[in-house]
file structure02.pdb (PDB, C-alpha atoms, pLDDT in the B column)
ATOM      1  CA  MET A   1      -5.113 -10.501  35.022  1.00 60.00           C
ATOM      2  CA  LEU A   2      -8.448 -12.140  35.711  1.00 66.00           C
ATOM      3  CA  GLY A   3      -9.080 -12.314  31.974  1.00 76.00           C
ATOM      4  CA  LEU A   4      -5.798 -14.146  31.523  1.00 84.00           C
ATOM      5  CA  ARG A   5      -6.806 -16.796  34.045  1.00 85.00           C
ATOM      6  CA  VAL A   6     -10.255 -17.190  32.510  1.00 86.00           C
ATOM      7  CA  PHE A   7      -8.760 -17.750  29.074  1.00 86.00           C
ATOM      8  CA  MET A   8      -6.280 -20.272  30.430  1.00 88.00           C
ATOM      9  CA  ALA A   9      -9.229 -22.231  31.873  1.00 87.00           C
ATOM     10  CA  LEU A  10     -11.154 -22.005  28.580  1.00 85.00           C
ATOM     11  CA  SER A  11      -8.064 -23.126  26.687  1.00 86.00           C
ATOM     12  CA  VAL A  12      -7.779 -26.263  28.791  1.00 88.00           C
ATOM     13  CA  LYS A  13     -11.499 -27.044  28.678  1.00 86.00           C
ATOM     14  CA  TYR A  14     -11.788 -26.677  24.884  1.00 87.00           C
ATOM     15  CA  ASP A  15      -8.198 -27.667  24.010  1.00 87.00           C
ATOM     16  CA  LEU A  16      -7.497 -24.291  22.411  1.00 89.00           C
ATOM     17  CA  LEU A  17      -4.132 -23.298  20.965  1.00 91.00           C
ATOM     18  CA  ILE A  18      -2.360 -20.380  22.637  1.00 91.00           C
ATOM     19  CA  GLU A  19       0.465 -18.502  20.964  1.00 92.00           C
ATOM     20  CA  GLN A  20       2.241 -15.381  22.098  1.00 91.00           C
ATOM     21  CA  VAL A  21       3.513 -12.531  19.956  1.00 91.00           C
ATOM     22  CA  ASP A  22       5.527  -9.455  20.823  1.00 90.00           C
ATOM     23  CA  VAL A  23       5.264  -6.313  18.709  1.00 91.00           C
ATOM     24  CA  ILE A  24       8.744  -4.934  18.161  1.00 90.00           C
ATOM     25  CA  SER A  25       9.053  -1.229  18.996  1.00 88.00           C
ATOM     26  CA  ALA A  26       5.280  -0.907  19.162  1.00 85.00           C
ATOM     27  CA  PHE A  27       5.214   2.776  20.087  1.00 86.00           C
ATOM     28  CA  LEU A  28       7.428   3.634  17.105  1.00 85.00           C
ATOM     29  CA  GLN A  29       4.893   2.028  14.756  1.00 80.00           C
ATOM     30  CA  SER A  30       2.076   4.372  15.700  1.00 81.00           C
ATOM     31  CA  ASP A  31       1.290   7.825  14.341  1.00 82.00           C
ATOM     32  CA  LEU A  32       0.730  10.972  16.346  1.00 83.00           C
ATOM     33  CA  GLU A  33      -2.458  13.014  16.058  1.00 83.00           C
ATOM     34  CA  GLU A  34      -0.929  16.084  17.710  1.00 84.00           C
ATOM     35  CA  GLN A  35       1.949  18.247  16.568  1.00 88.00           C
ATOM     36  CA  ILE A  36       4.822  17.589  18.933  1.00 87.00           C
ATOM     37  CA  PHE A  37       8.184  19.266  18.690  1.00 88.00           C
ATOM     38  CA  MET A  38      11.395  18.283  20.439  1.00 84.00           C
ATOM     39  CA  GLU A  39      14.876  19.679  20.687  1.00 82.00           C
ATOM     40  CA  VAL A  40      17.444  18.205  18.335  1.00 81.00           C
ATOM     41  CA  PRO A  41      19.119  15.343  20.206  1.00 78.00           C
ATOM     42  CA  GLY A  42      22.697  15.781  21.348  1.00 77.00           C
ATOM     43  CA  GLY A  43      25.360  14.496  18.982  1.00 80.00           C
ATOM     44  CA  ILE A  44      23.526  15.587  15.840  1.00 79.00           C
ATOM     45  CA  GLN A  45      25.139  18.441  13.929  1.00 78.00           C
ATOM     46  CA  TYR A  46      22.791  21.270  13.048  1.00 75.00           C
ATOM     47  CA  SER A  47      23.007  24.996  12.548  1.00 71.00           C
ATOM     48  CA  GLY A  48      20.993  27.536  14.455  1.00 72.00           C
ATOM     49  CA  GLU A  49      18.162  26.979  16.847  1.00 77.00           C
ATOM     50  CA  LYS A  50      16.101  24.216  15.312  1.00 79.00           C
ATOM     51  CA  VAL A  51      13.591  21.739  16.654  1.00 84.00           C
ATOM     52  CA  CYS A  52      12.241  18.459  15.286  1.00 83.00           C
ATOM     53  CA  LEU A  53       8.617  17.819  14.379  1.00 86.00           C
ATOM     54  CA  LEU A  54       7.803  14.276  15.432  1.00 85.00           C
ATOM     55  CA  LEU A  55       5.927  12.232  12.843  1.00 82.00           C
ATOM     56  CA  LYS A  56       5.883   8.994  14.842  1.00 82.00           C
ATOM     57  CA  SER A  57       5.318   8.225  18.469  1.00 82.00           C
ATOM     58  CA  LEU A  58       8.373   7.758  20.690  1.00 82.00           C
ATOM     59  CA  TYR A  59       8.885   5.896  23.941  1.00 82.00           C
ATOM     60  CA  GLY A  60       8.584   8.357  26.806  1.00 82.00           C
ATOM     61  CA  LEU A  61       5.856  10.532  25.294  1.00 84.00           C
ATOM     62  CA  LYS A  62       2.616  10.684  27.224  1.00 85.00           C
ATOM     63  CA  GLN A  63       0.726  10.174  23.954  1.00 84.00           C
ATOM     64  CA  SER A  64       2.624   7.018  22.915  1.00 86.00           C
ATOM     65  CA  PRO A  65       0.584   4.343  24.719  1.00 89.00           C
ATOM     66  CA  ARG A  66      -2.695   5.809  23.494  1.00 89.00           C
ATOM     67  CA  ALA A  67      -1.424   6.183  19.917  1.00 88.00           C
ATOM     68  CA  TRP A  68      -0.275   2.541  19.883  1.00 91.00           C
ATOM     69  CA  ASN A  69      -3.545   1.339  21.395  1.00 92.00           C
ATOM     70  CA  GLN A  70      -5.574   3.231  18.793  1.00 93.00           C
ATOM     71  CA  LYS A  71      -3.534   1.781  15.943  1.00 92.00           C
ATOM     72  CA  LEU A  72      -3.862  -1.804  17.175  1.00 95.00           C
ATOM     73  CA  HIS A  73      -7.573  -1.302  17.991  1.00 96.00           C
ATOM     74  CA  SER A  74      -8.255  -0.025  14.447  1.00 95.00           C
ATOM     75  CA  PHE A  75      -6.378  -2.981  12.971  1.00 95.00           C
ATOM     76  CA  LEU A  76      -8.427  -5.522  14.951  1.00 96.00           C
ATOM     77  CA  ILE A  77     -11.777  -3.799  14.314  1.00 97.00           C
ATOM     78  CA  THR A  78     -10.999  -3.742  10.572  1.00 96.00           C
ATOM     79  CA  LEU A  79     -10.546  -7.529  10.711  1.00 94.00           C
ATOM     80  CA  GLY A  80     -13.996  -7.894  12.289  1.00 94.00           C
ATOM     81  CA  PHE A  81     -12.986  -8.357  15.928  1.00 96.00           C
ATOM     82  CA  THR A  82     -15.163  -7.012  18.725  1.00 95.00           C
ATOM     83  CA  GLN A  83     -13.661  -5.397  21.809  1.00 95.00           C
ATOM     84  CA  SER A  84     -14.929  -6.791  25.091  1.00 92.00           C
ATOM     85  CA  LYS A  85     -17.027  -4.359  27.103  1.00 93.00           C
ATOM     86  CA  THR A  86     -15.808  -5.827  30.406  1.00 90.00           C
ATOM     87  CA  ASP A  87     -12.094  -6.135  29.607  1.00 89.00           C
ATOM     88  CA  TYR A  88     -10.815  -3.718  26.985  1.00 91.00           C
ATOM     89  CA  CYS A  89      -7.679  -5.832  26.499  1.00 91.00           C
ATOM     90  CA  VAL A  90      -9.748  -8.676  25.023  1.00 92.00           C
ATOM     91  CA  TYR A  91     -10.900  -8.828  21.395  1.00 95.00           C
ATOM     92  CA  TYR A  92     -12.861 -11.699  19.915  1.00 94.00           C
ATOM     93  CA  LEU A  93     -14.467 -13.208  16.830  1.00 92.00           C
ATOM     94  CA  HIS A  94     -17.426 -15.310  17.920  1.00 87.00           C
ATOM     95  CA  SER A  95     -19.312 -18.069  16.207  1.00 80.00           C
ATOM     96  CA  SER A  96     -22.074 -20.355  17.427  1.00 81.00           C
ATOM     97  CA  ASN A  97     -19.492 -22.945  18.485  1.00 76.00           C
ATOM     98  CA  ILE A  98     -16.925 -21.809  21.081  1.00 71.00           C
ATOM     99  CA  GLU A  99     -14.336 -24.015  19.438  1.00 69.00           C
ATOM    100  CA  ASN A 100     -14.481 -21.782  16.327  1.00 77.00           C
ATOM    101  CA  ASN A 101     -13.955 -18.570  18.282  1.00 88.00           C
ATOM    102  CA  PHE A 102     -10.784 -16.515  18.098  1.00 93.00           C
ATOM    103  CA  TYR A 103      -9.519 -14.412  20.998  1.00 93.00           C
ATOM    104  CA  VAL A 104      -6.787 -11.791  21.162  1.00 94.00           C
ATOM    105  CA  LEU A 105      -5.522 -10.647  24.570  1.00 93.00           C
ATOM    106  CA  ILE A 106      -3.403  -7.498  24.551  1.00 92.00           C
ATOM    107  CA  PHE A 107      -1.014  -6.259  27.207  1.00 90.00           C
ATOM    108  CA  VAL A 108       0.593  -3.167  25.601  1.00 88.00           C
ATOM    109  CA  ASP A 109       2.868  -4.834  23.018  1.00 87.00           C
ATOM    110  CA  ASP A 110       2.530  -8.431  24.228  1.00 90.00           C
ATOM    111  CA  ILE A 111      -0.287 -10.331  22.559  1.00 91.00           C
ATOM    112  CA  LEU A 112      -1.853 -13.744  23.117  1.00 93.00           C
ATOM    113  CA  LEU A 113      -3.691 -15.473  20.280  1.00 94.00           C
ATOM    114  CA  ILE A 114      -6.197 -18.145  21.310  1.00 92.00           C
ATOM    115  CA  THR A 115      -8.201 -20.375  18.976  1.00 93.00           C
ATOM    116  CA  LYS A 116      -8.870 -24.008  18.119  1.00 91.00           C
ATOM    117  CA  SER A 117      -7.813 -23.817  14.467  1.00 88.00           C
ATOM    118  CA  GLN A 118      -4.136 -23.732  13.490  1.00 89.00           C
ATOM    119  CA  ASP A 119      -5.187 -22.475  10.040  1.00 89.00           C
ATOM    120  CA  ARG A 120      -7.048 -19.489  11.508  1.00 89.00           C
ATOM    121  CA  LEU A 121      -4.105 -18.809  13.798  1.00 91.00           C
ATOM    122  CA  ASN A 122      -1.649 -18.834  10.884  1.00 91.00           C
ATOM    123  CA  ALA A 123      -3.880 -16.601   8.757  1.00 91.00           C
ATOM    124  CA  PHE A 124      -4.171 -14.061  11.556  1.00 93.00           C
ATOM    125  CA  LYS A 125      -0.412 -14.106  12.217  1.00 92.00           C
ATOM    126  CA  THR A 126       0.196 -13.387   8.531  1.00 93.00           C
ATOM    127  CA  LYS A 127      -2.108 -10.363   8.671  1.00 94.00           C
ATOM    128  CA  LEU A 128      -0.391  -9.201  11.852  1.00 93.00           C
ATOM    129  CA  LYS A 129       3.067  -9.568  10.263  1.00 93.00           C
ATOM    130  CA  ASN A 130       1.926  -7.618   7.210  1.00 94.00           C
ATOM    131  CA  SER A 131       0.880  -4.683   9.401  1.00 94.00           C
ATOM    132  CA  PHE A 132       3.410  -4.696  12.250  1.00 92.00           C
ATOM    133  CA  GLU A 133       6.914  -5.867  12.933  1.00 90.00           C
ATOM    134  CA  ILE A 134       6.483  -8.763  15.346  1.00 89.00           C
ATOM    135  CA  THR A 135       8.488 -11.588  16.835  1.00 87.00           C
ATOM    136  CA  ASP A 136       7.728 -15.038  15.526  1.00 80.00           C
ATOM    137  CA  ALA A 137       4.717 -16.425  17.331  1.00 76.00           C
ATOM    138  CA  GLN A 138       5.432 -19.278  19.665  1.00 83.00           C
ATOM    139  CA  PRO A 139       3.430 -21.467  22.005  1.00 84.00           C
ATOM    140  CA  LEU A 140       2.745 -19.813  25.346  1.00 84.00           C
ATOM    141  CA  SER A 141       5.632 -20.356  27.763  1.00 83.00           C
ATOM    142  CA  TYR A 142       6.542 -17.098  29.523  1.00 83.00           C
ATOM    143  CA  PHE A 143       4.232 -14.090  29.462  1.00 85.00           C
ATOM    144  CA  LEU A 144       4.078 -10.950  31.644  1.00 85.00           C
ATOM    145  CA  GLY A 145       6.543 -12.431  34.103  1.00 85.00           C
ATOM    146  CA  ILE A 146       4.521 -15.625  34.454  1.00 86.00           C
ATOM    147  CA  ARG A 147       5.829 -19.016  33.403  1.00 89.00           C
ATOM    148  CA  PHE A 148       3.257 -21.324  31.781  1.00 89.00           C
ATOM    149  CA  ASP A 149       3.500 -25.085  31.536  1.00 86.00           C
ATOM    150  CA  ARG A 150       0.803 -27.140  29.876  1.00 86.00           C
ATOM    151  CA  ASP A 151      -0.067 -30.796  29.811  1.00 84.00           C
ATOM    152  CA  GLU A 152      -3.151 -32.527  28.388  1.00 78.00           C
ATOM    153  CA  SER A 153      -5.518 -31.395  31.130  1.00 82.00           C
ATOM    154  CA  ASN A 154      -3.906 -28.403  32.896  1.00 84.00           C
ATOM    155  CA  ILE A 155      -2.063 -25.150  32.490  1.00 86.00           C
ATOM    156  CA  TYR A 156       0.305 -24.322  35.338  1.00 86.00           C
ATOM    157  CA  MET A 157       1.154 -20.697  36.072  1.00 86.00           C
ATOM    158  CA  SER A 158       4.139 -19.807  38.257  1.00 89.00           C
TER     159      SER A 158
END
call {"tool": "encode", "arguments": {"input": "structure02.pdb", "output": "structure tokens"}}
result
Amino acid sequence: MLGLRVFMALSVKYDLLIEQVDVISAFLQSDLEEQIFMEVPGGIQYSGEKVCLLLKSLYGLKQSPRAWNQKLHSFLITLGFTQSKTDYCVYYLHSSNIENNFYVLIFVDDILLITKSQDRLNAFKTKLKNSFEITDAQPLSYFLGIRFDRDESNIYMS
């Protein structure tokens, strides 16, 4: 949460844009590395004693959060982002001018996009939409149970 507050302060200081995105059914979009079998769910007609081999991660599996994190991490690294060494939920593209930087804050399937450039923001959202099913990005208003209000010189969290 400290990282969230730091980025809110940076956003005010440098007048950065903040948009939020939610990945729809994030765990179902990731692949499993292990072979996992499960009983056929009730209500499905089948003959004999059969089990299902899972090809995708499911909610409730111990492996699901890690599989999702690995998929999203690989996606961001491929785009040239660097993962923060002090907060693994933060990815960034840095330039010599902080106003040209791009930050991605991840909280499982909730993502904040922070940058100065609307063009860079739109380009990144397009890449994200091409790889994952996401909600339409919107300006930050309610995130992780916190309501955000912004005026010209402040961001209020409640």
call {"tool": "residues_around", "arguments": {"input": "structure02.pdb", "residues": "range 16-32 of chain A", "least_positions_apart": "5", "cutoff": "9 Å", "atoms": "all atoms listed in the file", "output": "ChimeraX atom specification"}}
result
/A:8,10-11,54-59,63-65,67-72,99,108-118,121,125,132-143
call {"tool": "atom_distance", "arguments": {"input": "structure02.pdb", "atom1": "CA of Gly3 in chain A", "atom2": "CA of Asp87 in chain A"}}
result
7.3 Å
call {"tool": "resolve_selection", "arguments": {"input": "structure02.pdb", "expression": "the PyMOL selection byres ((chain A and resi 36) around 6)", "output": "VMD selection string"}}
result
chain A and resid 35 37 53 to 54
call {"tool": "atom_distance", "arguments": {"input": "structure02.pdb", "atom1": "CA of Leu128 in chain A", "atom2": "CA of Phe148 in chain A"}}
result
23.6 Å
call {"tool": "atom_distance", "arguments": {"input": "structure02.pdb", "atom1": "CA of Asp151 in chain A", "atom2": "CA of Asp15 in chain A"}}
result
10.5 Å
call {"tool": "closest_residue", "arguments": {"input": "structure02.pdb", "among": "A:Thr78, A:Ala123, A:Gly42, A:Val104", "to": "Val90 in chain A", "atoms": "all atoms listed in the file"}}
result
A:Val104
call {"tool": "resolve_selection", "arguments": {"input": "structure02.pdb", "expression": "the PyMOL selection byres ((chain A and resi 38) around 6)", "output": "ChimeraX atom specification"}}
result
/A:37,39,51-52
call {"tool": "residues_near_point", "arguments": {"input": "structure02.pdb", "point": "(1.8, -17.4, 36.8)", "cutoff": "6 Å", "atoms": "only C-alpha atoms", "output": "ChimeraX atom specification"}}
result
/A:146-147,157-158
